[in-house]
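Listing of my_file33.cif; format and content: mmCIF, C-alpha atoms.
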```cif
data_model
#
loop_
_atom_site.label_atom_id
_atom_site.label_comp_id
_atom_site.auth_asym_id
_atom_site.auth_seq_id
_atom_site.Cartn_x
_atom_site.Cartn_y
_atom_site.Cartn_z
CA MET E 1490 0.00 0.00 0.00
CA SER E 1491 2.75 2.40 1.08
CA GLU E 1492 4.84 1.55 -1.94
CA SER E 1493 2.06 2.12 -4.42
CA LEU E 1494 1.20 5.41 -2.68
CA GLU E 1495 4.75 6.59 -3.12
CA LYS E 1496 4.66 5.59 -6.75
CA LEU E 1497 1.46 7.52 -7.19
CA GLN E 1498 2.95 10.57 -5.50
CA ASN E 1499 6.06 10.35 -7.67
CA ARG E 1500 3.94 10.02 -10.74
CA ILE E 1501 1.82 13.05 -9.81
CA LEU E 1502 4.96 15.13 -9.23
CA SER E 1503 6.65 13.77 -12.33
CA ASP E 1504 3.62 14.66 -14.47
CA ALA E 1505 3.57 18.13 -12.93
CA LYS E 1506 7.28 18.63 -13.62
CA ASN E 1507 6.88 17.40 -17.19
CA LYS E 1508 3.97 19.78 -17.71
CA ALA E 1509 5.97 22.61 -16.15
CA GLU E 1510 8.94 21.87 -18.41
CA GLU E 1511 6.66 21.75 -21.42
CA THR E 1512 5.09 25.08 -20.43
CA ILE E 1513 8.54 26.69 -20.13
CA LYS E 1514 9.67 25.13 -23.41
CA ASP E 1515 6.54 26.43 -25.14
CA ALA E 1516 7.15 29.88 -23.65
CA GLN E 1517 10.77 29.81 -24.82
CA ALA E 1518 9.74 28.70 -28.29
CA LYS E 1519 7.08 31.41 -28.44
CA SER E 1520 9.66 33.85 -27.18
CA GLN E 1521 12.02 32.96 -30.03
CA GLN E 1522 9.15 33.36 -32.47
CA ILE E 1523 8.24 36.79 -31.01
CA LEU E 1524 11.86 37.93 -31.27
CA GLU E 1525 12.20 36.63 -34.83
CA GLU E 1526 8.98 38.36 -35.86
CA ALA E 1527 10.09 41.55 -34.13
CA ARG E 1528 13.44 41.45 -35.96
CA GLN E 1529 11.70 40.87 -39.29
CA ARG E 1530 9.22 43.67 -38.60
CA ALA E 1531 12.00 46.02 -37.54
CA GLN E 1532 13.91 45.11 -40.69
CA ARG E 1533 10.85 45.80 -42.85
CA GLU E 1534 10.11 49.13 -41.16
CA SER E 1535 13.78 50.16 -41.40
CA GLU E 1536 13.89 49.28 -45.07
CA GLU E 1537 10.71 51.29 -45.65
CA ILE E 1538 12.21 54.32 -43.86
CA ILE E 1539 15.43 54.05 -45.90
CA ALA E 1540 13.53 53.56 -49.18
CA LYS E 1541 11.39 56.63 -48.47
CA ALA E 1542 14.51 58.57 -47.49
CA ASN E 1543 16.14 57.68 -50.82
CA VAL E 1544 13.07 58.91 -52.71
CA GLU E 1545 12.98 62.07 -50.59
CA ALA E 1546 16.72 62.60 -51.13
CA GLU E 1547 16.31 62.35 -54.90
CA SER E 1548 13.43 64.84 -54.71
CA ILE E 1549 15.55 67.26 -52.65
CA ARG E 1550 18.45 66.86 -55.10
CA ARG E 1551 16.23 67.49 -58.11
CA SER E 1552 14.56 70.46 -56.45
CA ILE E 1553 17.88 72.12 -55.57
CA LEU E 1554 19.38 71.42 -58.99
CA SER E 1555 16.36 72.34 -61.10
CA SER E 1556 15.99 75.57 -59.20
CA LYS E 1557 19.67 76.36 -59.75
CA VAL E 1558 19.57 75.36 -63.43
CA ARG E 1559 16.50 77.58 -63.92
CA VAL E 1560 18.21 80.55 -62.27
CA ASN E 1561 21.38 80.03 -64.30
CA ARG E 1562 19.47 79.67 -67.58
CA LEU E 1563 17.79 82.99 -66.79
CA ARG E 1564 21.17 84.58 -66.03
CA ILE E 1565 22.49 83.39 -69.41
CA LEU E 1566 19.37 84.63 -71.22
CA ASP E 1567 19.57 87.98 -69.39
CA GLU E 1568 23.21 88.39 -70.38
CA LYS E 1569 22.50 87.51 -74.02
CA ASN E 1570 19.57 89.94 -74.03
CA ARG E 1571 21.77 92.63 -72.49
CA ILE E 1572 24.42 92.10 -75.16
CA VAL E 1573 21.87 92.10 -78.00
CA GLU E 1574 20.16 95.23 -76.58
CA ASP E 1575 23.52 96.96 -76.33
CA ILE E 1576 24.27 96.13 -79.97
CA ILE E 1577 20.81 97.31 -81.08
CA HIS E 1578 21.36 100.61 -79.24
CA SER E 1579 24.64 101.00 -81.08
CA VAL E 1580 22.88 100.17 -84.35
CA GLU E 1581 20.18 102.78 -83.60
CA ASP E 1582 22.86 105.29 -82.69
CA GLN E 1583 24.75 104.64 -85.92
CA LEU E 1584 21.54 104.81 -87.98
CA SER E 1585 20.51 108.08 -86.35
CA ARG E 1586 23.84 109.59 -87.41
CA ILE E 1587 23.65 108.37 -91.01
CA SER E 1588 23.40 111.91 -92.41
CA LYS E 1589 27.09 112.29 -91.67
CA SER E 1590 28.01 109.23 -93.70
CA GLU E 1591 28.73 108.94 -97.40
CA GLN E 1592 25.86 106.49 -97.76
CA PHE E 1593 23.26 109.06 -96.76
CA GLU E 1594 22.09 110.41 -100.07
CA GLU E 1595 21.90 107.01 -101.72
CA THR E 1596 20.07 105.59 -98.71
CA ALA E 1597 17.58 108.46 -98.49
CA GLN E 1598 16.83 108.14 -102.19
CA ARG E 1599 16.32 104.41 -101.90
CA PHE E 1600 14.03 104.79 -98.86
CA VAL E 1601 11.94 107.35 -100.74
CA THR E 1602 11.79 105.14 -103.84
CA GLU E 1603 10.68 102.14 -101.79
CA ALA E 1604 8.04 104.17 -99.93
CA VAL E 1605 6.66 105.74 -103.09
CA LYS E 1606 6.46 102.35 -104.76
CA ALA E 1607 4.65 100.95 -101.73
CA VAL E 1608 1.88 103.58 -101.67
CA ASP E 1609 1.52 103.19 -105.47
CA THR E 1610 0.16 106.62 -106.43
CA ASP E 1611 1.13 109.34 -108.92
CA GLN E 1612 0.88 112.03 -106.26
CA PRO E 1613 2.66 110.70 -103.23
CA VAL E 1614 3.31 112.90 -100.23
CA VAL E 1615 6.71 112.05 -98.82
CA ARG E 1616 7.80 113.22 -95.39
CA ILE E 1617 11.47 112.95 -94.72
CA GLY E 1618 13.31 113.68 -91.51
CA PHE E 1619 16.81 112.75 -90.40
CA ARG E 1620 18.97 114.16 -87.69
CA ASP E 1621 21.26 117.03 -88.78
CA VAL E 1622 19.85 117.14 -92.31
CA SER E 1623 19.00 120.35 -94.13
CA LYS E 1624 17.18 120.93 -97.40
CA ARG E 1625 20.53 121.25 -99.07
CA ASN E 1626 21.39 117.64 -98.21
CA LEU E 1627 18.15 116.43 -99.75
CA ASP E 1628 18.49 117.79 -103.27
CA GLY E 1629 19.06 114.29 -104.61
CA VAL E 1630 15.89 113.02 -102.99
CA SER E 1631 13.67 115.36 -105.00
CA ARG E 1632 14.98 113.76 -108.16
CA VAL E 1633 13.53 110.32 -107.34
CA LEU E 1634 10.03 111.67 -106.67
CA PRO E 1635 7.43 111.33 -109.41
CA LYS E 1636 6.37 114.60 -111.03
CA GLY E 1637 3.16 114.90 -109.00
CA GLY E 1638 4.90 114.06 -105.76
CA LYS E 1639 5.33 116.36 -102.81
CA LEU E 1640 8.33 116.34 -100.46
CA VAL E 1641 7.88 117.52 -96.88
CA ILE E 1642 11.06 117.96 -94.93
CA ASP E 1643 10.85 117.54 -91.16
CA GLU E 1644 13.43 119.39 -89.16
CA LYS E 1645 13.50 116.63 -86.59
CA PRO E 1646 14.18 112.95 -87.23
CA ILE E 1647 10.92 111.06 -87.78
CA ASP E 1648 10.32 108.39 -85.09
CA ASP E 1649 13.44 109.59 -83.23
CA LEU E 1650 15.92 107.80 -85.49
CA GLY E 1651 14.88 109.32 -88.78
CA GLY E 1652 13.47 108.02 -92.04
CA VAL E 1653 10.76 108.46 -94.62
CA VAL E 1654 6.96 108.20 -94.51
CA ALA E 1655 4.99 108.18 -97.77
CA THR E 1656 1.23 108.53 -98.13
CA ASP E 1657 -1.25 108.91 -100.96
CA PRO E 1658 -2.79 112.43 -101.32
CA GLU E 1659 -5.75 111.49 -99.07
CA GLY E 1660 -3.51 110.03 -96.41
CA LYS E 1661 -5.34 106.70 -96.57
CA VAL E 1662 -2.39 104.63 -97.66
CA VAL E 1663 0.68 105.06 -95.51
CA PHE E 1664 4.06 103.40 -95.81
CA ASN E 1665 6.40 104.00 -92.95
CA ASN E 1666 10.00 103.60 -94.02
CA THR E 1667 11.67 105.06 -90.98
CA PHE E 1668 14.59 103.31 -89.33
CA LYS E 1669 12.36 102.43 -86.40
CA SER E 1670 9.84 100.73 -88.70
CA ARG E 1671 12.56 98.92 -90.58
CA LEU E 1672 14.02 97.75 -87.28
CA GLU E 1673 10.60 96.43 -86.27
CA ARG E 1674 9.94 94.78 -89.65
CA LEU E 1675 13.34 93.14 -89.67
CA ASP E 1676 13.31 92.26 -85.98
CA ASN E 1677 13.62 88.48 -86.39
CA GLN E 1678 16.33 88.70 -89.04
CA LEU E 1679 18.17 91.27 -86.95
CA LEU E 1680 18.18 89.10 -83.82
CA THR E 1681 19.30 86.06 -85.83
CA LEU E 1682 22.06 88.06 -87.46
CA ILE E 1683 23.32 89.48 -84.17
CA SER E 1684 23.14 86.10 -82.40
CA SER E 1685 24.96 84.30 -85.16
CA THR E 1686 27.62 86.98 -85.38
CA VAL E 1687 28.27 87.31 -81.66
CA PHE E 1688 27.40 83.90 -80.23
CA GLY E 1689 27.86 81.77 -83.34
CA GLU E 1690 24.30 80.43 -83.03
CA MET C 630 -0.83 3.92 7.09
CA SER C 631 -4.51 4.48 7.27
CA GLY C 632 -6.67 5.25 4.25
CA ILE C 633 -7.26 8.78 5.50
CA ASP C 634 -3.53 9.38 5.81
CA ALA C 635 -3.04 8.07 2.31
CA VAL C 636 -5.69 10.44 0.93
CA LYS C 637 -4.06 13.34 2.82
CA LYS C 638 -0.71 12.46 1.28
CA ILE C 639 -2.23 12.40 -2.20
CA VAL C 640 -3.96 15.75 -1.63
CA GLU C 641 -0.69 17.30 -0.45
CA THR C 642 1.18 15.86 -3.40
CA GLU C 643 -1.42 17.19 -5.83
CA ALA C 644 -1.18 20.61 -4.19
CA GLN C 645 2.59 20.47 -4.62
CA ALA C 646 2.13 19.42 -8.25
CA ARG C 647 -0.26 22.35 -8.84
CA ARG C 648 2.29 24.74 -7.37
CA ILE C 649 4.96 23.36 -9.71
CA VAL C 650 2.64 23.84 -12.71
CA ASP C 651 1.48 27.29 -11.54
CA GLU C 652 5.06 28.44 -10.97
CA ALA C 653 6.00 27.21 -14.43
CA SER C 654 3.01 29.00 -15.89
CA ALA C 655 3.95 32.24 -14.10
CA LYS C 656 7.53 31.87 -15.28
CA ALA C 657 6.34 31.27 -18.83
CA GLN C 658 4.21 34.42 -18.70
CA GLN C 659 7.21 36.31 -17.39
CA ILE C 660 9.38 34.97 -20.24
CA ILE C 661 6.78 36.05 -22.80
CA SER C 662 6.34 39.43 -21.16
CA GLN C 663 10.11 40.08 -21.05
CA THR C 664 10.43 38.88 -24.62
CA ARG C 665 7.73 41.29 -25.79
CA GLU C 666 9.60 44.13 -24.08
CA GLN C 667 12.84 42.97 -25.70
CA ALA C 668 11.11 42.74 -29.08
CA GLU C 669 9.82 46.28 -28.74
CA ARG C 670 13.32 47.47 -27.80
CA ILE C 671 14.75 45.70 -30.87
CA ARG C 672 12.14 47.41 -33.06
CA GLN C 673 12.69 50.84 -31.52
CA GLU C 674 16.47 50.55 -31.84
CA ALA C 675 16.19 49.44 -35.47
CA ILE C 676 13.84 52.34 -36.25
CA ALA C 677 16.12 54.79 -34.46
CA ARG C 678 19.07 53.52 -36.53
CA ALA C 679 16.98 53.81 -39.71
CA GLN C 680 15.92 57.37 -38.79
CA GLN C 681 19.55 58.26 -38.17
CA ARG C 682 20.47 56.78 -41.57
CA ARG C 683 17.57 58.72 -43.12
CA GLU C 684 18.98 61.99 -41.75
CA GLU C 685 22.40 61.05 -43.17
CA ILE C 686 20.93 60.20 -46.58
CA LEU C 687 19.03 63.50 -46.75
CA SER C 688 22.04 65.48 -45.59
CA GLU C 689 24.33 63.72 -48.11
CA ALA C 690 21.80 64.36 -50.90
CA LYS C 691 21.54 68.05 -49.97
CA ASN C 692 25.32 68.46 -49.80
CA LYS C 693 25.80 66.62 -53.10
CA ALA C 694 23.10 68.72 -54.80
CA GLU C 695 24.62 71.93 -53.43
CA ALA C 696 28.01 70.87 -54.76
CA GLU C 697 26.45 70.19 -58.18
CA ALA C 698 24.65 73.55 -57.97
CA LEU C 699 27.99 75.22 -57.26
CA ARG C 700 29.46 73.54 -60.36
CA SER C 701 26.46 74.80 -62.34
CA ASP C 702 27.19 78.33 -61.03
CA GLN C 703 30.83 78.02 -62.07
CA GLU C 704 29.91 76.72 -65.53
CA THR C 705 27.38 79.54 -65.92
CA GLU C 706 29.98 82.09 -64.89
CA GLN C 707 32.32 80.68 -67.54
CA ILE C 708 29.58 80.91 -70.19
CA LEU C 709 28.78 84.50 -69.17
CA ASN C 710 32.46 85.49 -69.30
CA ASN C 711 32.75 83.85 -72.71
CA TYR C 712 29.69 85.79 -73.96
CA ARG C 713 31.15 89.06 -72.64
CA LYS C 714 34.44 88.32 -74.37
CA LEU C 715 32.70 87.40 -77.62
CA SER C 716 30.60 90.53 -77.36
CA GLU C 717 33.70 92.73 -77.01
CA GLU C 718 35.42 90.99 -79.92
CA ARG C 719 32.47 90.85 -82.29
CA LYS C 720 30.31 93.84 -81.38
CA ALA C 721 31.68 96.11 -84.09
CA THR C 722 31.11 93.43 -86.75
CA ALA C 723 27.60 92.72 -85.47
CA VAL C 724 26.71 96.43 -85.47
CA SER C 725 28.10 96.86 -88.97
CA LYS C 726 26.18 93.83 -90.32
CA ALA C 727 22.97 94.94 -88.57
CA VAL C 728 23.24 98.48 -89.96
CA GLU C 729 23.78 97.01 -93.44
CA LEU C 730 20.71 94.83 -92.99
CA ILE C 731 18.51 97.76 -91.94
CA LEU C 732 19.80 99.98 -94.73
CA ASN C 733 19.70 97.46 -97.53
CA ALA C 734 17.09 94.81 -96.75
#
```
Translate the structure described by the file into structure tokens.
Amino acid sequence: MSESLEKLQNRILSDAKNKAEETIKDAQAKSQQILEEARQRAQRESEEIIAKANVEAESIRRSILSSKVRVNRLRILDEKNRIVEDIIHSVEDQLSRISKSEQFEETAQRFVTEAVKAVDTDQPVVRIGFRDVSKRNLDGVSRVLPKGGKLVIDEKPIDDLGGVVATDPEGKVVFNNTFKSRLERLDNQLLTLISSTVFGE
Amino acid sequence: MSGIDAVKKIVETEAQARRIVDEASAKAQQIISQTREQAERIRQEAIARAQQRREEILSEAKNKAEAEALRSDQETEQILNNYRKLSEERKATAVSKAVELILNA
């Protein structure tokens, strides 16, 4: 009786110890699983943070560079514009002083001829006005006018730089052949010419 | 040993067995609880390292971009100087050609 009681007691305790060991083992196994999952999750979250950072870094880089490139393109354009404007001012200055050049008479005659042809009338009214030009300088111009034509000499340069304006007798048809008008009409060609000469473009 | 004594012994042994199981259960809970805390620490440390790396990546990108921007400034300055030089060298020719164009076009 006593022996079988002892066996029973040992068995009860042995079962309890086995169960306890199993419980601890389960907890340790679960613990390993929790740690492994935590490491994997941390790895995933870290990789996400780094991936986002790389995208953000590229965005920052592009933003800084595109802003700088834009500013520098504008600086280059401004400088080219400044150079072209400077040349055009010199051109205007040279044109406004044409009366002192040998080309003047021939040029004035040609401008008048072109203007008269453009208004296409037998009785054109031609206004002419250049800086520092007197009637005496314009004798040659009268010769290219048709017989019914009228020459009006302005004391001041027309449109600031000088030139010729022809109209029909009623003033309905007008052809402006001043330097300013020619500059405007030839604007594209002028810019191309200056750019190709100075910048080789 | 009487039957009553035997029953008492069994009851005591079962109580002892329950204690062993309960203690193991408590210890298991403690292991899990400590592990969860450790897991959270691992996660927080990893995230902190990643955040630190993020700051480094952003700072490196900014520095690199600023260095490239500086190069762009230097290249632009060279282009501008070249334009100014070309302008000085070719202005008279450009003016002469432009005047010819306006007079004769």
Task: Nearby residues (only C-alpha atoms) at most 8 Å from stretch 660-664 of chain C, same-chain spacing under 3 positions excluded, as a list in words - done: Ala1516, Gln1517, Lys1519, Ser1520, Ile1523 and Leu1524 of chain E; Lys656, Ala657, Gln667 and Ala668 of chain C
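Neighbouring residues of C:Leu699 at 12 Å or closer, counting only C-alpha atoms and skipping chain neighbours under 3 positions away, are Ile1553, Leu1554, Lys1557, Val1558 and Asn1561 of chain E; Asn692, Lys693, Ala694, Glu695, Ala696, Asp702, Gln703, Glu704, Thr705 and Glu706 of chain C.
What the PyMOL selection byres ((chain E and resi 1606-1609) around 9) matches in the given file is Val1601, Thr1602, Glu1603, Ala1604, Val1605, Thr1610, Asp1611, Gln1612, Pro1613, Ala1655, Thr1656, Asp1657, Val1662, Val1663 and Phe1664 of chain E.
Remark: for chain C, the closest of the candidate residues E:Gln1522, E:Asn1666, E:Asn1626, E:Thr1512 is E:Thr1512 (distances computed over only C-alpha atoms).
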- [ ] Identify the residues around (23.2, 98.6, -91.3) within a radius of 12 Å, measuring from all atoms listed in the file in the coordinates stated by the file, and give them as a PyMOL selection string.
- [x] (chain E and resi 1576-1577+1579-1587+1590+1592-1593+1596+1668+1671-1672+1675+1679+1682-1683) or (chain C and resi 721-734)
Residues just named, written with C-alpha atoms as a CSV table (one decimal), in the frame of the given file:
```
chain,number,residue,atom,x,y,z
E,1576,ILE,CA,24.3,96.1,-80.0
E,1577,ILE,CA,20.8,97.3,-81.1
E,1579,SER,CA,24.6,101.0,-81.1
E,1580,VAL,CA,22.9,100.2,-84.4
E,1581,GLU,CA,20.2,102.8,-83.6
E,1582,ASP,CA,22.9,105.3,-82.7
E,1583,GLN,CA,24.8,104.6,-85.9
E,1584,LEU,CA,21.5,104.8,-88.0
E,1585,SER,CA,20.5,108.1,-86.4
E,1586,ARG,CA,23.8,109.6,-87.4
E,1587,ILE,CA,23.6,108.4,-91.0
E,1590,SER,CA,28.0,109.2,-93.7
E,1592,GLN,CA,25.9,106.5,-97.8
E,1593,PHE,CA,23.3,109.1,-96.8
E,1596,THR,CA,20.1,105.6,-98.7
E,1668,PHE,CA,14.6,103.3,-89.3
E,1671,ARG,CA,12.6,98.9,-90.6
E,1672,LEU,CA,14.0,97.8,-87.3
E,1675,LEU,CA,13.3,93.1,-89.7
E,1679,LEU,CA,18.2,91.3,-87.0
E,1682,LEU,CA,22.1,88.1,-87.5
E,1683,ILE,CA,23.3,89.5,-84.2
C,721,ALA,CA,31.7,96.1,-84.1
C,722,THR,CA,31.1,93.4,-86.8
C,723,ALA,CA,27.6,92.7,-85.5
C,724,VAL,CA,26.7,96.4,-85.5
C,725,SER,CA,28.1,96.9,-89.0
C,726,LYS,CA,26.2,93.8,-90.3
C,727,ALA,CA,23.0,94.9,-88.6
C,728,VAL,CA,23.2,98.5,-90.0
C,729,GLU,CA,23.8,97.0,-93.4
C,730,LEU,CA,20.7,94.8,-93.0
C,731,ILE,CA,18.5,97.8,-91.9
C,732,LEU,CA,19.8,100.0,-94.7
C,733,ASN,CA,19.7,97.5,-97.5
C,734,ALA,CA,17.1,94.8,-96.8
```
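With atom CA of E:Asn1507 on one side and atom CA of C:Asp634 on the other, the separation reads 26.5 Å.
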Missing atoms of stretch 1625-1641 of chain E rebuilt to N, CA and C atoms, written as a PDB file, in the coordinates of the input:
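Result file out15.pdb:
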```pdb
ATOM      1  N   ARG E1625      19.415 121.337 -98.142  1.00  0.00           N
ATOM      2  CA  ARG E1625      20.530 121.250 -99.070  1.00  0.00           C
ATOM      3  C   ARG E1625      21.006 119.792 -99.236  1.00  0.00           C
ATOM      4  N   ASN E1626      20.948 119.043 -98.142  1.00  0.00           N
ATOM      5  CA  ASN E1626      21.390 117.640 -98.210  1.00  0.00           C
ATOM      6  C   ASN E1626      20.404 116.750 -98.967  1.00  0.00           C
ATOM      7  N   LEU E1627      19.201 117.289 -99.207  1.00  0.00           N
ATOM      8  CA  LEU E1627      18.150 116.430 -99.750  1.00  0.00           C
ATOM      9  C   LEU E1627      17.815 116.745-101.215  1.00  0.00           C
ATOM     10  N   ASP E1628      18.715 117.471-101.858  1.00  0.00           N
ATOM     11  CA  ASP E1628      18.490 117.790-103.270  1.00  0.00           C
ATOM     12  C   ASP E1628      18.290 116.522-104.097  1.00  0.00           C
ATOM     13  N   GLY E1629      19.114 115.533-103.842  1.00  0.00           N
ATOM     14  CA  GLY E1629      19.060 114.290-104.610  1.00  0.00           C
ATOM     15  C   GLY E1629      17.762 113.550-104.438  1.00  0.00           C
ATOM     16  N   VAL E1630      17.128 113.739-103.282  1.00  0.00           N
ATOM     17  CA  VAL E1630      15.890 113.020-102.990  1.00  0.00           C
ATOM     18  C   VAL E1630      14.768 113.486-103.913  1.00  0.00           C
ATOM     19  N   SER E1631      14.729 114.798-104.158  1.00  0.00           N
ATOM     20  CA  SER E1631      13.670 115.360-105.000  1.00  0.00           C
ATOM     21  C   SER E1631      13.668 114.700-106.373  1.00  0.00           C
ATOM     22  N   ARG E1632      14.864 114.317-106.804  1.00  0.00           N
ATOM     23  CA  ARG E1632      14.980 113.760-108.160  1.00  0.00           C
ATOM     24  C   ARG E1632      14.274 112.412-108.301  1.00  0.00           C
ATOM     25  N   VAL E1633      14.150 111.657-107.223  1.00  0.00           N
ATOM     26  CA  VAL E1633      13.530 110.320-107.340  1.00  0.00           C
ATOM     27  C   VAL E1633      12.020 110.362-107.130  1.00  0.00           C
ATOM     28  N   LEU E1634      11.494 111.565-106.826  1.00  0.00           N
ATOM     29  CA  LEU E1634      10.030 111.670-106.670  1.00  0.00           C
ATOM     30  C   LEU E1634       9.354 111.726-108.026  1.00  0.00           C
ATOM     31  N   PRO E1635       8.164 111.155-108.168  1.00  0.00           N
ATOM     32  CA  PRO E1635       7.430 111.330-109.410  1.00  0.00           C
ATOM     33  C   PRO E1635       7.027 112.811-109.579  1.00  0.00           C
ATOM     34  N   LYS E1636       6.636 113.181-110.767  1.00  0.00           N
ATOM     35  CA  LYS E1636       6.370 114.600-111.030  1.00  0.00           C
ATOM     36  C   LYS E1636       5.290 115.168-110.109  1.00  0.00           C
ATOM     37  N   GLY E1637       4.261 114.403-109.848  1.00  0.00           N
ATOM     38  CA  GLY E1637       3.160 114.900-109.000  1.00  0.00           C
ATOM     39  C   GLY E1637       3.442 114.773-107.520  1.00  0.00           C
ATOM     40  N   GLY E1638       4.598 114.320-107.171  1.00  0.00           N
ATOM     41  CA  GLY E1638       4.900 114.060-105.760  1.00  0.00           C
ATOM     42  C   GLY E1638       5.244 115.310-104.977  1.00  0.00           C
ATOM     43  N   LYS E1639       5.038 115.213-103.681  1.00  0.00           N
ATOM     44  CA  LYS E1639       5.330 116.360-102.810  1.00  0.00           C
ATOM     45  C   LYS E1639       6.299 115.909-101.711  1.00  0.00           C
ATOM     46  N   LEU E1640       7.338 116.684-101.493  1.00  0.00           N
ATOM     47  CA  LEU E1640       8.330 116.340-100.460  1.00  0.00           C
ATOM     48  C   LEU E1640       8.162 117.275 -99.265  1.00  0.00           C
ATOM     49  N   VAL E1641       7.984 116.725 -98.112  1.00  0.00           N
ATOM     50  CA  VAL E1641       7.880 117.520 -96.880  1.00  0.00           C
ATOM     51  C   VAL E1641       9.095 117.183 -96.018  1.00  0.00           C
TER      52      VAL E1641
END
```
